[in-house]
Structures are given as structure tokens and as C-alpha cells.
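Trainee: Here it is, the structure, as C-alpha cells.
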Amino acid sequence: MSEKRTRVRFAPSPTGPLHMGGVRTALYNYLYAKQRGGDFILRIEDTDSHRFVPGAEQYIIEALDWCGIVPDEGLVKTPEGKWEVAEEASPQAPHAPYRQSQRKPIYREYAEQLIKNGYAYYAFDTAEELDAARKEAEGRGETFIYNHSTRGSLRNALTLDPEETSRLLETTTDWTVRFKMPENEVVAMDDLIRGHIEVNTSTLDDKVLWKRADELPTYHLANIVDDHLMEITEVIRGEEWLPSLPLHYMLYKAFGWTSSMPRFAHLPLLLKPDGKGKLSKRDGDKMGFPVFPLRWVAPTGEVSRGYREDGYFPQAFVNMLAFLGWNPGDEREIMSLEELTEAFSLDHVSKSGARFNVEKAHWYNREYLRLSSLEDLTAKAGAMLEGHGIKVVDCPVCAITAGAEFNETGADFKNHIFTADYVGSVVGFTRERASFVEDFWKIASYLFVSPKDFEAFGIKAGAAVEQKADPRAKTWDDSATAPFLAKDADKFWKEENVQMALEAVEFLTKEYSGDFSAEGVETALEEYIRSREWPMGKVMNCIRLALAGSASGLGIADIVCRIGRAETASRLAYAKQRLSF
RNA sequence: GCUGGGUUCGUAUAACGGUCAGUACACAAGAUUCUCAAUCUUGUAAUAUGGGUUCGAUUCCCGUACCCAGUACCA
């Protein structure tokens, strides 16, 4: 038995930025197609001329590209290397155009075919008339439904005489074509995820299929016609479409396409973290996470954050998304796009909606950060540092001729210039503490900038600032103050302890001539403090406060061996002079 | 309201008639340590509810509750 080549499509509507739920739908379609060696098609469903948003289409393309979900069909590359929706037929776009607004004539023809065969009819009711009918029904505590029960008393080709109908068709432009939903028939459907479903057609309405006003079809007609023409084998879409499935079945039947009808799979919805309703644009702003893959600036100027701009790795985002409503059936959680492709199956897609969880998203990103190569991370950290006014140079010699004054480790604290090797060294030993590239700044900014402002840490005031860290403050952007409040630094910042710290550092930076690696420094410093029977914790904490400006943070030896002798000594001196007791 | 879909630890999910109901995130405790993380170990925590069917139900059927979606000349 010869199997048809798998062809699935992602058909977004360019009414705004692509939501992460949409990205997941695209992802599942992509995985399904790739696993079967089939085609993943992108089609733009822009049949609503009123809701068109400039830039939305390009956003969709860019978002998919960032995620690595590249369509096999529907896009063409411009000479400048940019992806665009295909308008003309080509090997990569055999069914062009892929923008429904450019396929107008096709739909009209099919709408007429349905009328000719008695499956649809012209309707002349105005929007006002229908609104009034709905209001009136509502007043009686009922719901107006345009179907067998009401169509006999409304203005359409079934009630008007033929002359009047043709007159209206010619002289007016606000008529529509409606599907003539039969009465009391049972539609038996099969969903790849939900199983067998039956619906009685009497509960359904005569949906508008085509509008004379803009000569465009509605979603239902366009969808069925295009899926048929594009030889789609499986329709994988969101659960919000499940209620229209009976209509779509009826449409396939009316066209006589039942034998080639695609199979359907309705995906569970992505829910708000608190579990109430679909994840929406506003949730992100409210709960502090992006709902969009990329940053989006609306025509109104309103800005919505994106996963990309928030520092997520695309692989982490995709991996996280894949697991919202699906699992491989074993206990793997970290999977590349290739592994996902191999393991994907609609059998393992769950039926119930999935709540998005920010913590898990952070965890995924941390896992991918750990998987990154040191070179890659260092380059990314370098770019991030530039954003904080730090200059990172690959060529120390060139930098020196340009005026940089590097110390023995490749750091110039005066001019804020650091060698790439220095950055690499910092990244190498702090990477296990980071979830995002930006975290390197939160964790180790004092390896690039000398601490100046100790007051902010509650030292001089003599008491830690009374402020509970926000429990949700796990993201780098609102946890910045949290670690400094964790400990009462004034408990150890006492004159005698500071004196010991000073002496220990003096020994380390002036007399100690041994190995200046983290291990060497640690051993030397601890031996020195122990030999004098000083309180290890107190001395160390004083040193840390002077070096890091904070009562908590990286290991002393890790800091010292990187910032070097001179900087270490000067930070101690500065802190002593700056902080009174 | 009506129509359809759904319901396993706080969250995501595993177990597709027989498991001490597993895993991950989060949380808690301990270990480690110069602090904070990280790491390791351990732990808390779930089958919405009532009936069936069955030797046996998380799993199959029916009712109830709750949640979600749809109910547009939007997709």
C-alpha cells in the first residue's frame, strides 16, 4: 500500500505577533512532517482585511527562523537573503501564492460550486439586522442561531423569490454566502488526539463562507479549499478549532473530497500560569515573562518582550515548548530539535491544557547554557559586557598600543578594558551559577568594575535593609538586590577583623610569591589566617565585602587570582577608608 | 444558557486493567563551605466526586462538580 507523502501546514493569521502557543503549533507540525520525511508548509491566512497588522507577517517568519523551524514550502529567499511569503509558483512554492488574500478568485469559484449544488445559499441580512435578531433572542433568554430553525424567516435566497435574489446580487455588495447546515444529521469525526467525536448538525449554524464586501472567504472556506489544493494530509491545530470541526467535515463532504480529507489533531491550549484561561498577551506583562518569541513593537508603540531579547537560547525555548503538552514517553527532558523530531508522536500529546511555568523555562535555559561551549559563551558574555560599558579585546597587544594598561591577568580596571581571555576565565568558573548570559553580570560585575557604593548594601547604616526579597525574584532582572540583603554584614565588619583582613591581603599581594592560581591563593591565604589563629569566616567575609562590595558572592581566591594583586590591595584599602565602624 | 472538550503531587507529566502511583521543576532538611550559589543525599506532596463493569480500576461506562473552548460577514 502506497502511503501519501505527509504534508502539514502552519497557517497563522497576521493580526499581531506570533504567540508562543502558535510557535508550539508550528513546532508540532514541523516535527510531525520531518519525522515522516514530509513537507512543512507555511500559509498566511489573511482573509480578514480589517485585522491586518503591518509587520506581523515578517514577525512570524523571523520568529520561526529564530526557533529553527524552517518551512519547506511557502517561502522564498530574496536576493538579499531574506525570507518572504511566496507569491509566484516555484519549486519551493508549487502552490503559490501562499497568502490567502492573493488567492481571491479561487475561493469565489468554490463558493459558487457549493451554491450550484445546493450546499450553500446567498444571504442578504445586514450586520444590523443580525445584531438586532441576536439582541432580541437574548432578551428572551435564548441564543440566536442562523440555521434551519431561523433561516426560513430571514433575508436570503431560500426565502426571497429568484428575481429579487438576482436583483440584490447585482445591486448590493454586502451579501454573503452561507453554508446550508442540514438538520439533524450526526457528524462522526475522528481526532488523532481526542479520538471519536460525534455532533448533531442541528446544533450547528449556517456559517458565512464568503463575503461580497471584500470578495474574500472566511477562514472555514479558505482553509478547506487550500488544505485540499495543497494536498495537506494532517491538520494539526489548536483546540479552539475543535468546535468548527463538524463544519469542516461537512464542507469536505459537500465538495466531494471526503476520500482525500486530511486527518485532524487538535492540540491542547497553553494556559495562564494560574490556570485560568488561555495564555494571553497581557499575562506576560503581569507575571514577568514573555509570551512572544521575539520582542514586538506594536504600531501603537506598545512594546511586548520576547524570549530572544530576554536572553533565552532558541534551543531552550523550543525544547521547553515541545514539553508543554507532549513527552517522549521516556524520562528524557533535554532534547535537541533532531531528537525531538525522532521521538515526536501525536500519541503522546496530552488532551488537557498545559500551564506555562516560568521556573521550568529558566531551568531549561540553564541546562542549555551549561551545554554551550566556553568559546560560544565567552563571545556572548563579551557582547553582554559591552552593553555595560566594558570593552573586551581579542588582541591585547593592539589594545596596549591604543592605551590599555593591562595587569598580569589581562584586566584594566581604570579604563574598563579586558582581554577575551580574562572574560573566558570569568565565564569558565561562574558558568555553573548562571542561567542566562546576563547573569554573568549579576554574578560577577565586580570582576570588571571596582565596588564603590557600599551603602547600598546596608553596611554603613549599621543594619541590613529590611526588605524581603520577592519570592518570584528568580529572574536576573529583579533579583539584583536580593543577595546583598541575605546577611548582616555589620556582624563581621569590625575594626579588628578588618585589620586582620588587611594584613592577610598585604601578605598575599606583597610577600607571597608562590602560585597565584585560585588553588594557590586559597591555600596560601588559609594557611596564613590559620597560622595566626584568626577567625577564618570573619576575615574572609571582610575581604569579600571589600572585593565584591557584597556580603555574599564568589570565592575569595577565585576573585583575587583574577583581579590581580594591585586591584586586590587597592580594594581593601578603599573599603577600609570608606566604611566606618 | 447551549454545544463540544478536559480533570494524576503546587506545576509539567509517566503508568494505555495488576506499580510501594514513577520522573522533572519548585519547595524543605542535611552534607559541603570563607559567604552565596552550584553540587550531592534525603524528604513533603496527587489519581475531582458518586455510582457501576471487573477477581482487580488512575486506566472502561454513566451521573455530578469544576475548568477550558466555541457560540462573529475573527482567525
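As shown in the C-alpha cells, the chain order sets the letters A, B, ...; within each chain, residues go from 1, and ligands are also counted from 1 in the order they appear.
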As a count of residues only, which residues of segment 112-153 of chain A does DSSP assign to strand (DSSP E)?
Mentor: 4
Trainee: I'd like the neighbourhood of segment 89-99 of chain A as a PyMOL selection string, where a residue qualifies if any of its atoms comes within 10 Å (using only C-alpha atoms (C1' of nucleotides)), though same-chain residues fewer than 2 positions away should be ignored.
Mentor: chain A and resi 11+13+41-47+57+71-77+85-87+101-104+226+229-231
Trainee: Filtering to C-alpha atoms, could you give me those residues as a short mmCIF file (atom, residue, chain, number, x, y, z; two decimals), in the first residue's frame?
Mentor:
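Result file again19.cif:
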```
data_model
loop_
_atom_site.label_atom_id
_atom_site.label_comp_id
_atom_site.auth_asym_id
_atom_site.auth_seq_id
_atom_site.Cartn_x
_atom_site.Cartn_y
_atom_site.Cartn_z
CA ALA A 11 -1.44 28.74 8.91
CA SER A 13 -3.14 34.96 10.73
CA ILE A 41 4.17 24.38 4.71
CA LEU A 42 3.64 27.96 5.81
CA ARG A 43 0.47 29.64 4.65
CA ILE A 44 -0.70 33.09 5.62
CA GLU A 45 -4.39 33.31 6.46
CA ASP A 46 -5.08 36.97 5.94
CA THR A 47 -8.72 36.78 4.94
CA GLU A 57 3.83 38.53 8.69
CA PRO A 71 9.19 25.75 6.36
CA ASP A 72 9.86 23.57 3.34
CA GLU A 73 7.28 25.33 1.30
CA GLY A 74 5.61 28.71 1.14
CA LEU A 75 8.63 30.96 1.48
CA VAL A 76 11.22 32.18 -0.96
CA LYS A 77 14.53 33.81 -0.32
CA VAL A 85 5.97 34.62 1.54
CA ALA A 86 5.95 33.17 -1.97
CA GLU A 87 3.72 34.93 -4.44
CA SER A 101 -5.63 37.44 0.16
CA GLN A 102 -3.85 36.76 -3.13
CA ARG A 103 -5.97 33.71 -3.90
CA LYS A 104 -9.28 35.52 -4.11
CA ASP A 226 -6.42 25.43 0.45
CA LEU A 229 -5.46 22.11 -3.12
CA MET A 230 -2.21 21.95 -1.20
CA GLU A 231 -2.76 18.25 -0.55
#
```
Trainee: Which residues of chain B are close to chain A, meaning at most 6 Å apart when you count only C-alpha atoms (C1' of nucleotides), and how do they look as a list in words?
Mentor: G4, G6, C25, C34, U35, C36, A38, A69, G70 and C73 of chain B
Trainee: Would you output that residue set with C-alpha atoms (C1' of nucleotides), as a compact mmCIF listing (two decimals), in the first residue's frame?
Mentor:
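In the end it all went to part.txt:
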```txt
# COMPACT_ATOMS: atom_id res chain seq x y z
C1' G B 4 -18.01 20.37 22.37
C1' G B 6 -10.93 18.31 29.60
C1' C B 25 10.72 21.91 38.09
C1' C B 34 35.13 31.84 53.90
C1' U B 35 29.58 33.79 52.36
C1' C B 36 26.10 32.97 48.41
C1' A B 38 26.31 25.24 42.39
C1' A B 69 -13.01 26.41 24.24
C1' G B 70 -16.71 27.75 20.71
C1' C B 73 -19.60 38.94 7.43
```
Trainee: Just want the 10 Å neighbourhood of Met261 of chain A, counted on only C-alpha atoms (C1' of nucleotides), with same-chain residues fewer than 3 positions away dropped. Output as an NGL selection string.
Mentor: :A and (224 or 227-228 or 231-235 or 248-249 or 252-253 or 256-258 or 264)
Trainee: May I have the residues within 8 Å of segment 287-293 of chain A as a PyMOL selection string, using only C-alpha atoms (C1' of nucleotides) and disregarding those fewer than 3 positions away in the same chain?
Mentor: chain A and resi 17-20+23+63+279-281+283-284+296+304-308+310+358
Trainee: Keeping only N, CA and C atoms, write those residues as a compact mmCIF listing (two decimals), in the first residue's frame.
Mentor:
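And here's selection_36.txt as it stands now:
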```txt
# COMPACT_ATOMS: atom_id res chain seq x y z
N PRO A 17 1.75 39.82 16.70
CA PRO A 17 2.91 38.95 16.85
C PRO A 17 2.48 37.52 17.12
N LEU A 18 3.29 36.60 16.67
CA LEU A 18 3.00 35.18 16.88
C LEU A 18 3.21 34.84 18.35
N HIS A 19 2.20 34.30 18.97
CA HIS A 19 2.17 33.95 20.37
C HIS A 19 2.92 32.63 20.58
N MET A 20 3.46 32.38 21.76
CA MET A 20 4.23 31.16 21.95
C MET A 20 3.39 29.89 21.73
N VAL A 23 3.72 29.24 18.20
CA VAL A 23 5.03 28.66 17.90
C VAL A 23 5.00 27.17 18.20
N ALA A 63 10.33 34.80 13.61
CA ALA A 63 10.20 34.00 14.83
C ALA A 63 10.47 32.53 14.54
N LEU A 279 -3.46 31.45 27.72
CA LEU A 279 -2.34 32.35 27.91
C LEU A 279 -2.53 33.51 26.93
N SER A 280 -2.48 34.72 27.46
CA SER A 280 -2.67 35.85 26.56
C SER A 280 -1.56 36.88 26.72
N LYS A 281 -1.59 37.82 25.82
CA LYS A 281 -0.57 38.85 25.72
C LYS A 281 -0.34 39.57 27.06
N ASP A 283 -0.75 38.51 30.09
CA ASP A 283 -0.20 37.70 31.18
C ASP A 283 1.29 37.92 31.35
N GLY A 284 1.98 38.05 30.24
CA GLY A 284 3.41 38.22 30.31
C GLY A 284 3.80 39.45 31.10
N TRP A 296 8.24 42.64 20.33
CA TRP A 296 7.30 43.18 19.34
C TRP A 296 6.95 44.61 19.72
N SER A 304 6.13 44.63 23.63
CA SER A 304 5.99 43.36 24.33
C SER A 304 7.33 42.65 24.28
N ARG A 305 7.76 42.13 25.41
CA ARG A 305 9.07 41.48 25.43
C ARG A 305 9.05 40.13 24.74
N GLY A 306 10.24 39.68 24.38
CA GLY A 306 10.36 38.40 23.68
C GLY A 306 11.39 37.51 24.33
N TYR A 307 11.27 36.21 24.12
CA TYR A 307 12.22 35.26 24.68
C TYR A 307 13.63 35.54 24.18
N ARG A 308 13.72 35.89 22.91
CA ARG A 308 15.04 36.14 22.34
C ARG A 308 15.73 37.30 23.07
N ASP A 310 15.03 38.48 25.95
CA ASP A 310 15.19 38.20 27.37
C ASP A 310 16.37 37.27 27.63
N VAL A 358 7.21 29.51 34.52
CA VAL A 358 8.43 30.29 34.28
C VAL A 358 9.67 29.61 34.83
```
Trainee: I want to know what sits within 12 Å of C40 of chain B, based on only C-alpha atoms (C1' of nucleotides), with residues of the same chain fewer than 6 positions away left out; could you give that as a PyMOL selection string?
Mentor: chain B and resi 30-32
Trainee: Using the selection just defined, write its residues with N, CA and C atoms (P, O5', C5', C4', C3', O3' and C1' of nucleotides) as a compact mmCIF listing (two decimals), in the first residue's frame.
Mentor:
```
# COMPACT_ATOMS: atom_id res chain seq x y z
P G B 30 19.10 21.75 58.26
O5' G B 30 19.99 20.51 57.79
C5' G B 30 20.15 19.39 58.65
C4' G B 30 20.84 18.28 57.91
C3' G B 30 22.25 18.61 57.40
O3' G B 30 23.23 18.50 58.40
C1' G B 30 21.03 17.52 55.70
P A B 31 24.59 19.32 58.27
O5' A B 31 25.31 18.59 57.06
C5' A B 31 25.74 17.23 57.20
C4' A B 31 26.38 16.76 55.92
C3' A B 31 27.54 17.62 55.44
O3' A B 31 28.76 17.28 56.10
C1' A B 31 26.08 17.18 53.63
P U B 32 29.75 18.43 56.56
O5' U B 32 30.23 19.06 55.17
C5' U B 32 30.98 18.28 54.23
C4' U B 32 31.19 19.07 52.98
C3' U B 32 31.76 20.46 53.22
O3' U B 32 33.17 20.43 53.32
C1' U B 32 29.91 20.60 51.74
```
Trainee: Expressed in Å to a single decimal, how great is the separation between atom CA of Pro105 of chain A and atom CA of Thr173 of chain A?
Mentor: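 The value is 16.6 Å.
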Trainee: Just want the 7 Å neighbourhood of segment 335-341 of chain A, counted on only C-alpha atoms (C1' of nucleotides), with same-chain residues fewer than 2 positions away dropped. Output as a ChimeraX atom specification.
Mentor: /A:31,34-35,315,319,333,343-344
Trainee: Would you mind reading off the distance between atom CA of Leu377 of chain A and atom CA of Val437 of chain A, one decimal, in Å?
Mentor: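 Computing the Euclidean distance for atom CA of Leu377 of chain A and atom CA of Val437 of chain A yields 7.5 Å.
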Trainee: Looking only at the backbone, which of the residues in segment 102-289 of chain A does DSSP tag as helix (DSSP H, G or I), as a PyMOL selection string?
Mentor: chain A and resi 102-116+127-139+151-153+162-171+201-203+219-229+239-255+258-260+281-287
Trainee: Quick one: everything within 9 Å of G17 of chain B, counting only C-alpha atoms (C1' of nucleotides), minus sequence neighbours fewer than 5 positions away in the same chain. Send it as a PyMOL selection string.
Mentor: chain B and resi 54+56-57+59-60
Trainee: Once you count only C-alpha atoms (C1' of nucleotides), what closest atom pair and distance in Å to one decimal does each residue of segment 26-61 of chain B within 10 Å of segment 9-15 of chain B have, with rows by chain and rising residue number, as CSV?
Mentor:
```
residue,atom,partner,partner_atom,distance
B:A26,C1',B:U11,C1',7.7
B:C27,C1',B:G10,C1',9.0
B:U44,C1',B:C9,C1',9.6
B:A45,C1',B:C9,C1',4.7
B:A46,C1',B:C9,C1',3.9
B:U47,C1',B:C9,C1',9.8
B:U58,C1',B:A15,C1',8.4
B:U59,C1',B:A15,C1',9.0
```
